[in-house]
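Undergrad: The structure's right below; bear with me while I get my questions together.
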Amino acid sequence: MNNLKSYLFETNAVKVCHGDKPFWLTSGKISAYFINTHFVYGSENDATSLLTFIDENMKDALTLPKKLLDKVKLQYESNTIYHYVIDEMLSFIKSTISIDDIDYISGGERRDWFFSIILSYLLDKPHISIFKNLSTYVSDSKFEQTKAITSISGKKVLHVTDLITVASSFIRAWIPAIQNLGGELIWSLSVVDRMQGGKERLEDLGIKSYSLVAIDEDLFKDAFAKNVIDDAQFSLVSEFIKDPDGSMEKFVKEHPEFIQNALHSDTKTASRAQLCIDNHFYGL
C-alpha cells in the first residue's frame with residue numbers, strides 16, 4: 001500500500017464500517033464504506049476547521065480565494081500528509097498534461113478548493129472559483145487580485161476536485177459554469193474516484209478524467225493485508241463493491257434489528273432509516 005492509500009485510511013478519508021454497522025447515507029441507503037476525501041488535508045479536525053472558515057467567509061467572494069490560499073499554503077508547508085497529497089497531484093499533472101496547454105485551473109464550492117487553489121498557486125496558473133449558483137471569480141496565480149469573470153473565450157481549463165462519484169456536480173454546475181464563460185473544460189483530476197461511472201460520464205462528454213486513487217477491491221485488499229481492516233470488514237466491503245444494493249439487502253435480512261435500532265437512534269439516523277423504508281430499499 002503506497003503512502004497516499006495509507007493516508008486515506010490513517011485520516012479516515014476512507015472509513016470501512018464494522019461488520020455489523022454499515023454507514024447511513026443521506027439517500028436512505030446504507031454503505032460498507034464512507035469517503036471524506038478532504039480529510040487528507042491533514043486530519044478530520046483540520047478539514048472541518050477549513051470548511052468552517054470557508055462558510056464564515058463565503059459572503060465575500062472577492063476576498064475568499066486569497067484568504068483560502070493563505071490557509072492552504074500554511075498547511076502545505078507544515079502538514080506532512082497534505083504536503084504529500086498535493087505533491088502527488090502536482091507530479092501527476094506535470095507527467096500527464098502539457099502544462100503550457102492549461103490556461104486556468106478551476107475548483108468548485110467547497111471541497112474542491114482544498115486542492116485546486118494550492119495547485120493553481122504552485123503551477124503558476126490563474127484560478128477560477130466556481131460557486132454552486134454558477135457564479136465565477138478568477139484570481140491571478142498569486143491570488144493578489146480576484147474579480148468576477150464573464151469570459152475566457154477559447155481557453156482550456158483543468159478542473160481539480162476531491163472526489164468523483166457519478167459526476168453530478170460536473171453536469172449540474174462545473175461544466176455549465178465554464179461553458180457560460182466561453183471556455184472549455186478539457187481535463188478533470190480528482191484525488192479519489194469512487195468508481196461509480198463518473199469518469200466514463202465525463203469522457204463521454206470529451207473530458208479527460210484522471211484520479212490518483214480508485215475505490216476498488218484492490219484498495220481494500222491492500223488494507224486487509226496491512227491489518228488496517230479486519231476479516232469481517234473486508235468480507236462486507238468486497239460484497240458491497242460487487243453488488244452494492246444486493247449485499248446491503250442481504251445484510252438487512254440477516255440483521256433485522258439494524259433498521260429497528262436505527263429508527264430509535266438519533267434524529268439524523270432515524271430520518272435516514274425512515275427514508276429507507278419509505279423508498280422500499282432492500283425489499284423493505
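In the C-alpha cells, the first chain shown is A, the next is B, and so on; residue numbers restart at 1 for each chain, and ligands run from 1 in the order shown.
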Determine which residues of range 129-203 of chain A receive a DSSP assignment of strand (DSSP E), computed from the backbone, and state them as a ChimeraX atom specification.

TA: /A:129-130,136-139,146-148,156-164,184-193

Undergrad: Do a neighbour search on range 114-118 of chain A at 8 Å with only C-alpha atoms, toss out local chain neighbours closer than 3 positions, and write the hits as a ChimeraX atom specification.

TA: /A:38,41,65,68-69,72-73,86,105-107,110-111,121-122,127,159-162

Undergrad: Leaving out range 188-190 of chain A and any residue of its chain fewer than 2 positions from it, which residues lie within 9 Å of it when counting only C-alpha atoms, given as a PyMOL selection string?

TA: chain A and resi 89+93+112+157-164+185-186+192-193+199+202+207-213

Undergrad: For a test of reading the model, state the distance in Å between CA of Asn227 in chain A and CA of Ile241 in chain A, rounded to one decimal.

TA: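 Here the two named atoms are 19.4 Å from each other.
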
Undergrad: From the list A:Phe39, A:Lys66, A:Gly154, A:Val166, which residue is nearest Lys142 in chain A when using only C-alpha atoms?

TA: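 Using only C-alpha atoms, the shortest distance to Lys142 in chain A belongs to A:Lys66.
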
Undergrad: Hey, can you check how far CA of Asp70 in chain A sits from CA of Ser49 in chain A?

TA: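 Calculated distance between CA of Asp70 in chain A and CA of Ser49 in chain A is 14.1 Å.
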
Undergrad: Fewer than 3 positions away in the same chain doesn't count, so skip those; otherwise give me all residues within 8 Å of range 90-92 of chain A, counting only C-alpha atoms, as a short mmCIF file (atom, residue, chain, number, x, y, z; two decimals) with C-alpha atoms, in the first residue's frame.

TA:
```cif
data_model
loop_
_atom_site.label_atom_id
_atom_site.label_comp_id
_atom_site.auth_asym_id
_atom_site.auth_seq_id
_atom_site.Cartn_x
_atom_site.Cartn_y
_atom_site.Cartn_z
CA ILE A 86 -0.53 17.91 -3.15
CA ASP A 87 2.92 16.90 -4.40
CA SER A 95 3.67 14.00 -16.14
CA THR A 96 0.24 13.66 -17.77
CA LEU A 119 -2.24 23.67 -7.17
CA LEU A 123 1.63 25.69 -11.11
#
```

Undergrad: Given the choices A:Val237, A:Ala270, A:Leu263, A:Ile175, which gets closest to Phe251 in chain A if the distance is worked out from only C-alpha atoms?

TA: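 The shortest atom-to-atom distance to Phe251 in chain A comes from A:Val237.
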
Undergrad: Using only C-alpha atoms, which of the listed residues (A:Lys71, A:Leu205, A:Tyr84, A:Thr26) sits closest to Phe53 in chain A?

TA: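 Closest to Phe53 in chain A, using only C-alpha atoms: A:Lys71.
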
Undergrad: Of the candidates A:Asp278, A:Glu257, A:Asp231, A:Glu44, which shows the shortest atom-to-atom distance to His18 in chain A, using only C-alpha atoms?

TA: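 Checking each candidate against His18 in chain A, we get A:Asp231 as the closest.
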
Undergrad: To test your reading of the structure, identify every residue in range 48-130 of chain A that backbone DSSP assigns to helix (DSSP H, G or I), and report it as a short mmCIF file (atom, residue, chain, number, x, y, z; two decimals) with C-alpha atoms, in the first residue's frame.

TA:
```cif
data_model
loop_
_atom_site.label_atom_id
_atom_site.label_comp_id
_atom_site.auth_asym_id
_atom_site.auth_seq_id
_atom_site.Cartn_x
_atom_site.Cartn_y
_atom_site.Cartn_z
CA THR A 48 -13.63 20.60 9.45
CA SER A 49 -11.87 23.78 10.55
CA LEU A 50 -11.21 24.81 6.95
CA LEU A 51 -14.82 24.12 5.92
CA THR A 52 -15.99 26.31 8.81
CA PHE A 53 -13.57 29.03 7.69
CA ILE A 54 -14.97 28.85 4.15
CA ASP A 55 -18.54 29.11 5.41
CA GLU A 56 -17.68 32.10 7.58
CA ASN A 57 -16.09 33.94 4.65
CA LEU A 64 -12.24 34.46 -0.05
CA PRO A 65 -9.72 32.99 -2.57
CA LYS A 66 -6.75 34.90 -1.12
CA LYS A 67 -7.78 34.04 2.43
CA LEU A 68 -8.01 30.40 1.42
CA LEU A 69 -4.63 30.44 -0.28
CA ASP A 70 -3.05 31.76 2.91
CA LYS A 71 -4.66 28.91 4.87
CA VAL A 72 -3.83 26.05 2.50
CA LYS A 73 -0.32 27.35 1.78
CA LEU A 74 0.46 27.30 5.51
CA GLN A 75 -0.99 23.79 5.78
CA TYR A 76 1.03 22.65 2.78
CA GLU A 77 4.21 23.94 4.39
CA SER A 78 3.52 22.41 7.80
CA THR A 80 3.21 16.08 6.09
CA ILE A 81 0.08 14.34 4.79
CA TYR A 82 -1.37 17.30 2.91
CA HIS A 83 2.06 18.19 1.50
CA TYR A 84 2.45 14.64 0.19
CA VAL A 85 -1.01 14.56 -1.42
CA ILE A 86 -0.53 17.91 -3.15
CA ASP A 87 2.92 16.90 -4.40
CA GLU A 88 1.43 13.69 -5.80
CA MET A 89 -1.21 15.70 -7.64
CA LEU A 90 1.42 18.16 -8.85
CA SER A 91 3.63 15.36 -10.15
CA PHE A 92 0.68 13.66 -11.85
CA ILE A 93 -0.35 16.83 -13.66
CA LYS A 94 3.20 17.54 -14.84
CA SER A 95 3.67 14.00 -16.14
CA THR A 96 0.24 13.66 -17.77
CA ILE A 99 1.42 22.48 -18.55
CA ASP A 100 1.57 25.04 -21.35
CA ASP A 101 -1.82 23.80 -22.60
CA TRP A 113 -10.87 24.36 -3.10
CA PHE A 114 -8.85 22.30 -0.61
CA PHE A 115 -6.82 21.14 -3.63
CA SER A 116 -7.43 23.44 -6.61
CA ILE A 117 -6.24 26.67 -5.02
CA ILE A 118 -2.82 25.46 -3.85
CA LEU A 119 -2.24 23.67 -7.17
CA SER A 120 -3.08 26.85 -9.06
CA TYR A 121 -0.52 28.72 -6.97
CA LEU A 122 2.18 26.05 -7.35
CA LEU A 123 1.63 25.69 -11.11
#
```

Undergrad: Which residues are near Lys147 in chain A? Cut-off 10 Å, only C-alpha atoms, ignore same chain within fewer than 5 positions. Put them as a ChimeraX atom specification.

TA: /A:61-63,128,136-140

Undergrad: So what do you get for CA of Gln260 in chain A versus CA of Phe281 in chain A, distance-wise?

TA: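 We find that CA of Gln260 in chain A and CA of Phe281 in chain A lie 14.6 Å from each other.
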
Undergrad: Show me, as a list of chain:residue names, the residues that have an atom within 12 Å of Ser238 in chain A when counting only C-alpha atoms, minus same-chain residues fewer than 5 positions from it.

TA: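 Using only C-alpha atoms, the neighbours found are A:Val16, A:Gly19, A:Ser31, A:Ala32, A:Tyr33, A:Ile215, A:Asp216, A:Glu217, A:Asp218, A:Leu219, A:Phe220, A:Lys221, A:Ala223, A:Phe224, A:Ile229, A:Asp231, A:Ala232, A:Gln233, A:Asp243, A:Pro244, A:Ser247, A:Met248.
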
Undergrad: Restricting the output to N, CA and C atoms, write the selected residues as a PDB file, in the first residue's frame.

TA:
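Written out: selection_26.pdb:
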```
ATOM      1  N   VAL A  16     -14.034   2.173   6.645  1.00  0.00           N
ATOM      2  CA  VAL A  16     -14.815   0.955   6.436  1.00  0.00           C
ATOM      3  C   VAL A  16     -15.605   0.662   7.702  1.00  0.00           C
ATOM      4  N   GLY A  19     -18.329  -4.875  10.771  1.00  0.00           N
ATOM      5  CA  GLY A  19     -19.123  -5.864  10.058  1.00  0.00           C
ATOM      6  C   GLY A  19     -20.616  -5.786  10.274  1.00  0.00           C
ATOM      7  N   SER A  31     -24.113   1.862   3.330  1.00  0.00           N
ATOM      8  CA  SER A  31     -22.874   1.583   2.616  1.00  0.00           C
ATOM      9  C   SER A  31     -21.855   0.927   3.536  1.00  0.00           C
ATOM     10  N   ALA A  32     -21.030   0.065   2.946  1.00  0.00           N
ATOM     11  CA  ALA A  32     -19.983  -0.616   3.715  1.00  0.00           C
ATOM     12  C   ALA A  32     -18.790   0.300   3.979  1.00  0.00           C
ATOM     13  N   TYR A  33     -18.715   1.398   3.255  1.00  0.00           N
ATOM     14  CA  TYR A  33     -17.623   2.339   3.486  1.00  0.00           C
ATOM     15  C   TYR A  33     -18.112   3.766   3.266  1.00  0.00           C
ATOM     16  N   ILE A 215     -11.410   3.636  -5.781  1.00  0.00           N
ATOM     17  CA  ILE A 215     -12.008   2.868  -4.690  1.00  0.00           C
ATOM     18  C   ILE A 215     -12.504   1.544  -5.284  1.00  0.00           C
ATOM     19  N   ASP A 216     -11.620   0.567  -5.292  1.00  0.00           N
ATOM     20  CA  ASP A 216     -11.955  -0.748  -5.822  1.00  0.00           C
ATOM     21  C   ASP A 216     -11.512  -1.824  -4.837  1.00  0.00           C
ATOM     22  N   GLU A 217     -11.735  -3.062  -5.195  1.00  0.00           N
ATOM     23  CA  GLU A 217     -11.433  -4.147  -4.264  1.00  0.00           C
ATOM     24  C   GLU A 217      -9.943  -4.211  -3.932  1.00  0.00           C
ATOM     25  N   ASP A 218      -9.091  -3.854  -4.889  1.00  0.00           N
ATOM     26  CA  ASP A 218      -7.642  -3.899  -4.651  1.00  0.00           C
ATOM     27  C   ASP A 218      -7.231  -2.982  -3.510  1.00  0.00           C
ATOM     28  N   LEU A 219      -7.889  -1.814  -3.413  1.00  0.00           N
ATOM     29  CA  LEU A 219      -7.584  -0.886  -2.324  1.00  0.00           C
ATOM     30  C   LEU A 219      -7.829  -1.551  -0.972  1.00  0.00           C
ATOM     31  N   PHE A 220      -8.945  -2.249  -0.856  1.00  0.00           N
ATOM     32  CA  PHE A 220      -9.300  -2.872   0.413  1.00  0.00           C
ATOM     33  C   PHE A 220      -8.507  -4.161   0.649  1.00  0.00           C
ATOM     34  N   LYS A 221      -8.097  -4.819  -0.427  1.00  0.00           N
ATOM     35  CA  LYS A 221      -7.209  -5.977  -0.284  1.00  0.00           C
ATOM     36  C   LYS A 221      -5.899  -5.547   0.352  1.00  0.00           C
ATOM     37  N   ALA A 223      -5.462  -2.899   2.222  1.00  0.00           N
ATOM     38  CA  ALA A 223      -5.737  -2.512   3.605  1.00  0.00           C
ATOM     39  C   ALA A 223      -5.860  -3.735   4.504  1.00  0.00           C
ATOM     40  N   PHE A 224      -6.478  -4.785   3.998  1.00  0.00           N
ATOM     41  CA  PHE A 224      -6.628  -6.030   4.760  1.00  0.00           C
ATOM     42  C   PHE A 224      -5.267  -6.683   4.983  1.00  0.00           C
ATOM     43  N   ILE A 229      -7.859  -3.116   8.068  1.00  0.00           N
ATOM     44  CA  ILE A 229      -9.227  -3.575   8.289  1.00  0.00           C
ATOM     45  C   ILE A 229      -9.206  -5.061   8.601  1.00  0.00           C
ATOM     46  N   ASP A 231     -11.099  -9.084   8.963  1.00  0.00           N
ATOM     47  CA  ASP A 231     -11.704 -10.027   8.030  1.00  0.00           C
ATOM     48  C   ASP A 231     -13.179  -9.714   7.764  1.00  0.00           C
ATOM     49  N   ALA A 232     -13.926  -9.403   8.833  1.00  0.00           N
ATOM     50  CA  ALA A 232     -15.350  -9.114   8.688  1.00  0.00           C
ATOM     51  C   ALA A 232     -15.565  -7.853   7.848  1.00  0.00           C
ATOM     52  N   GLN A 233     -14.744  -6.838   8.067  1.00  0.00           N
ATOM     53  CA  GLN A 233     -14.848  -5.601   7.295  1.00  0.00           C
ATOM     54  C   GLN A 233     -14.537  -5.851   5.820  1.00  0.00           C
ATOM     55  N   ASP A 243     -21.759  -5.800  -5.539  1.00  0.00           N
ATOM     56  CA  ASP A 243     -23.211  -5.614  -5.673  1.00  0.00           C
ATOM     57  C   ASP A 243     -23.711  -4.766  -4.500  1.00  0.00           C
ATOM     58  N   PRO A 244     -23.631  -3.430  -4.630  1.00  0.00           N
ATOM     59  CA  PRO A 244     -23.995  -2.557  -3.504  1.00  0.00           C
ATOM     60  C   PRO A 244     -25.385  -2.815  -2.937  1.00  0.00           C
ATOM     61  N   SER A 247     -25.862  -6.686  -1.715  1.00  0.00           N
ATOM     62  CA  SER A 247     -25.131  -7.017  -0.489  1.00  0.00           C
ATOM     63  C   SER A 247     -25.782  -6.380   0.729  1.00  0.00           C
ATOM     64  N   MET A 248     -26.297  -5.148   0.567  1.00  0.00           N
ATOM     65  CA  MET A 248     -26.939  -4.481   1.692  1.00  0.00           C
ATOM     66  C   MET A 248     -28.330  -5.061   1.967  1.00  0.00           C
TER      67      MET A 248
END
```
